[in-house]
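Before any comments, here is the structure.
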Amino acid sequence: MAGMNSDKAPVIVILGPGSLATAQRIQQRYPQARVYGLSGRVEGVEHCYESFGDTLRGLYREGAPIIALCAAGIVIRTLAPLLDEKGAEPPVLAVAEDGSAVVPLLGGLSGVNVMAREIGEVLGVAAAITTSGELRFGTCLLNPPAGYALADLEQGKRFVSDLLAGESVRIEGAAPWLAQAQLPEDAAARRSIHVGCQARPASRDELLIHVRSVLVAVQAGQADLPARVHDALAAANIADASLACLLAGDEAMAEPAVHDAARSLGVPLRFAPAGGSLVEMAGQALEGAQLIEQGGVVIAVAPSPIDPLQVGRARGRLAVIGLGPGAAEFMVPAVKAELARADDVLGYETYVRMAGPFRADQVLHCTDNREEMQRARHAFELAAQGRSVVVVSSGDPGVFAMAAAVLEALHESSDAAWHRVDLQILPGVSASLATAAQAGAPLGHDFCVMSLSDNLKPWSIIEKRLDLAAQADLVLAFYNPISRARPWQLGQAVEIVRRHRDGQTPVVLGRDIGRPGQTLSVVTLAELLPEMVDMRTMVLVGSSTTTVFKHPDGMQWVYTPRWYPPHH
Ligand code: SAH
């Protein structure tokens, strides 16, 4: 699509520590930018990668603006196989490691030259701009800034080559950004740049740019919304491209049809307190706009582009995420994306720190590990204001962690605003799975997961379950095996298991798995002592079929076969 400005945060890709200083200078210009460093060579950056090629191609396909601190040739060769693919072309720039050169390579229509100039400015060098229109006029006419949209790219290209060939131009309508451009302006020119929101075909002699200055307010429960909005705009003689956002009453927040409509119209959806009429709602949300009632919806036309973020508010979002055991590469991509979009991050301080680094605009709410229900309610209060809130758990949020607390808080609440929040639970690699993977496959057959903490359940029920699970010959995974406040429980638990299981049964102890200083050991059930275990340890007790064998580096593989002997 023409005139598309990439709204994704740029990624600065570096190969070695020598580029770090330049990367940080560029980051000052783009505080949202993430630095990707080659694993093992660069430390203290947002993201470490293993393969330069796969990483660069992945980012390109995601549409992320790429600032690569390396030779232009490397970037060209890496991305070459993708250039034939259809789809948006994000800005791609090569910047010399020492910051002495800025070369825009791709993304002429998504603002690469603008970025090249911005980066050139912070680095104190001139960007290597090679686009003729850009050089002549100092701006890319085909890539108007946010709030404006080019009507027709092909026609626009013809128009720019006419100007380059010497035609002069006059400007109709308000186009403040063109004031800085060096255009061959002439009030009597045949060619014109027309900026406005009317729906009309562009003539051969004009460059038509639509202002995104129109909002449409819709009602909950209205049938066939996209067609209704489209028809209303057409009847009012307004171009579809001028639609900046859709507005609905708060009560429509959880209504899928309204969200689908906004998605299919390609505009953000905002909400306002309903109360009175649609006209009143639209008028309050967009002061000073001209209001048109048409086909059951209300069209509000503002005098200049609308920033949707300034209209009403968004539907709040609350995501309960699992970080996995610790290491960033074991965090699922959906969780990373959720952390990047978060306004607020809540959780136990250790986990919040593990989820970082965060940007200065993200608000961290660190609380004590035990204040779970209070934290869940706080999260809903923030999300109900329209914020994007993340509640952090380690491992998986549904395994002895925050997801159940959040759902319980919601279930108990009669606040309609809480129930309208977009609630998402995003999974993570749980400690038992991460530990099992390091040890081999101890959970290869039926297993039982238990928390040995009697903070939230009576000890008698734990004893009963241990007894039955051990009897049933299930592999046992113990979370919260021991703590300073619960010193004796693990010893008791092991006693119960020993009643049913051989002393030679393998036991895996994983401590701080996926975190710095992780340790993994394999002992027998007879050797197991509570002193070997602390609150950061995962305990996996094998079944009668769990087996151990050595591998060459002295470590042992532990696995539980998938089959089970008959008449055992
Ligand atoms: N939601 C978490 C579990 C929270 S209960 C998950 O799914 O993993 C906390 C317990 O999990 C700890 O007492 C410890 O037994 C275990 N645990 C969590 N992270 C661990 C890690 N990195 N290594 C070993 N055990 C861990």
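Starting from 1 in every chain, residues are counted up; chains themselves are A, B, ... following the order of the structure tokens, and ligands are numbered from 1 as listed.
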
Test item, helix (DSSP H, G or I) assignment across region 13-121 of chain A, answer as a PyMOL selection string: chain A and resi 17-29+52-62+72-82+112-121

Exercise answer, 8 Å around ligand 1 with only C-alpha atoms and all ligand atoms, as a ChimeraX atom specification: /A:322,324-326,393-402,428-432,434-435,451,478-482,510-515,518,534-539

Selected residue, from A:Val92, A:Val211, A:Ala342, A:Val42, that lies nearest to Val11 (chain A) when counting only C-alpha atoms: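 Among the listed residues, the smallest separation from Val11 (chain A) belongs to A:Val92.
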
Could you give me, as a PDB file with C-alpha atoms, in the first residue's frame, the residues within 9 Å of Ala274 (chain A), counting only C-alpha atoms and dropping anything in the same chain fewer than 4 positions from it?
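Output below, filename part-v5.pdb:
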```pdb
ATOM      1  CA  ALA A 248     -17.939   2.553  19.517  1.00  0.00           C
ATOM      2  CA  GLY A 249     -19.512   2.715  22.959  1.00  0.00           C
ATOM      3  CA  ASP A 250     -17.790   0.967  25.857  1.00  0.00           C
ATOM      4  CA  GLU A 251     -20.518  -1.691  25.935  1.00  0.00           C
ATOM      5  CA  LEU A 278     -24.216   8.361  18.853  1.00  0.00           C
ATOM      6  CA  GLU A 280     -23.161  13.086  21.334  1.00  0.00           C
ATOM      7  CA  MET A 281     -20.616  10.327  21.730  1.00  0.00           C
TER       8      MET A 281
END
```

Near-region 219-232 of chain A list (12 Å; only C-alpha atoms; drop same-chain fewer than 5 positions) as a PyMOL selection string: chain A and resi 199+214+237-243+245-267+271-272+274-279+281-282+292-300

Requested write-out: C-alpha atoms of the selected residues, as a JSON list (two decimals), in the first residue's frame:
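File again-v1.json, as written:
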```json
[["chain", "number", "residue", "atom", "x", "y", "z"],
["A", 199, "ALA", "CA", -13.95, 10.76, -2.68],
["A", 214, "VAL", "CA", -12.57, 11.15, 9.50],
["A", 237, "ASN", "CA", -18.72, 11.73, -0.62],
["A", 238, "ILE", "CA", -15.76, 10.88, 1.62],
["A", 239, "ALA", "CA", -12.86, 8.67, 0.52],
["A", 240, "ASP", "CA", -12.44, 5.38, 2.37],
["A", 241, "ALA", "CA", -8.74, 6.21, 2.75],
["A", 242, "SER", "CA", -9.66, 9.22, 4.89],
["A", 243, "LEU", "CA", -11.13, 7.02, 7.59],
["A", 245, "CYS", "CA", -10.63, 5.24, 13.15],
["A", 246, "LEU", "CA", -13.83, 3.61, 14.24],
["A", 247, "LEU", "CA", -15.49, 4.64, 17.50],
["A", 248, "ALA", "CA", -17.94, 2.55, 19.52],
["A", 249, "GLY", "CA", -19.51, 2.71, 22.96],
["A", 250, "ASP", "CA", -17.79, 0.97, 25.86],
["A", 251, "GLU", "CA", -20.52, -1.69, 25.94],
["A", 252, "ALA", "CA", -19.35, -2.90, 22.50],
["A", 253, "MET", "CA", -15.79, -3.51, 23.73],
["A", 254, "ALA", "CA", -16.05, -7.30, 23.84],
["A", 255, "GLU", "CA", -18.23, -7.56, 20.74],
["A", 256, "PRO", "CA", -16.30, -9.49, 18.06],
["A", 257, "ALA", "CA", -18.30, -7.97, 15.17],
["A", 258, "VAL", "CA", -17.07, -4.46, 15.98],
["A", 259, "HIS", "CA", -13.45, -5.63, 16.17],
["A", 260, "ASP", "CA", -13.82, -7.57, 12.92],
["A", 261, "ALA", "CA", -15.22, -4.47, 11.25],
["A", 262, "ALA", "CA", -12.29, -2.30, 12.33],
["A", 263, "ARG", "CA", -9.86, -4.98, 11.18],
["A", 264, "SER", "CA", -11.50, -5.34, 7.79],
["A", 265, "LEU", "CA", -11.59, -1.55, 7.35],
["A", 266, "GLY", "CA", -7.93, -1.46, 8.40],
["A", 267, "VAL", "CA", -8.35, 1.21, 11.08],
["A", 271, "PHE", "CA", -14.16, 3.38, 22.67],
["A", 272, "ALA", "CA", -16.00, 6.08, 24.56],
["A", 274, "ALA", "CA", -21.93, 5.47, 25.52],
["A", 275, "GLY", "CA", -24.68, 7.05, 27.62],
["A", 276, "GLY", "CA", -26.40, 9.47, 25.23],
["A", 277, "SER", "CA", -26.78, 9.36, 21.44],
["A", 278, "LEU", "CA", -24.22, 8.36, 18.85],
["A", 279, "VAL", "CA", -23.95, 12.01, 17.79],
["A", 281, "MET", "CA", -20.62, 10.33, 21.73],
["A", 282, "ALA", "CA", -18.84, 11.25, 18.48],
["A", 292, "ILE", "CA", -22.91, 13.89, 9.68],
["A", 293, "GLU", "CA", -25.62, 11.32, 10.52],
["A", 294, "GLN", "CA", -25.75, 8.82, 7.72],
["A", 295, "GLY", "CA", -27.22, 5.33, 7.44],
["A", 296, "GLY", "CA", -27.36, 4.69, 11.18],
["A", 297, "VAL", "CA", -23.75, 5.73, 11.85],
["A", 298, "VAL", "CA", -22.22, 9.12, 12.59],
["A", 299, "ILE", "CA", -19.38, 10.50, 10.47],
["A", 300, "ALA", "CA", -17.17, 13.05, 12.20]]
```

CA of Ser414 (chain A) to CA of Arg317 (chain A), distance in Å rounded to a single decimal: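 That distance, rounded to one decimal, is 17.9 Å.
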
Given only C-alpha atoms as the counted atoms, nearest of A:Tyr36, A:Leu135, A:Leu423, A:Leu142 to Gly111 (chain A): A:Leu142

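Using only C-alpha atoms for every distance, the candidate list A:Val311, A:Ala319, A:Leu82, A:Ala96 yields A:Ala96 as the residue closest to Ala68 (chain A).
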
Of the listed residues A:Val421, A:Val406, A:Arg562, A:Glu372, that which approaches Ala441 (chain A) most closely, counting only C-alpha atoms: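 Once distances to Ala441 (chain A) are computed over only C-alpha atoms, the minimum belongs to A:Arg562.
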
Determine, using only C-alpha atoms, which residues of region 431-521 of chain A have any atom at most 9 Å from an atom of region 545-551 of chain A, and tabulate each with its shortest atom pair and distance in Å to one decimal place, rows ordered by chain and then rising number, as a tab-separated table.
```
residue	atom	partner	partner_atom	distance
A:Pro442	CA	A:Thr546	CA	6.6
A:Leu443	CA	A:Thr546	CA	8.9
A:Gly444	CA	A:Thr546	CA	9.0
A:His445	CA	A:Thr546	CA	9.0
A:Asp473	CA	A:Thr545	CA	8.8
A:Val475	CA	A:Thr546	CA	8.1
A:Thr505	CA	A:Thr546	CA	7.2
A:Pro506	CA	A:Thr546	CA	6.8
```

Strand (DSSP E) per DSSP on the backbone: members of region 124-364 of chain A, as a ChimeraX atom specification: /A:148-150,169-172,191-196,206-211,214-218,243-249,269-272,290-294,297-301,317-322,344-348,363-364

Using only C-alpha atoms: which of A:Val507, A:Arg484, A:Val35, A:Ile26 has the shortest distance to Arg117 (chain A):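 Closest candidate: A:Ile26.
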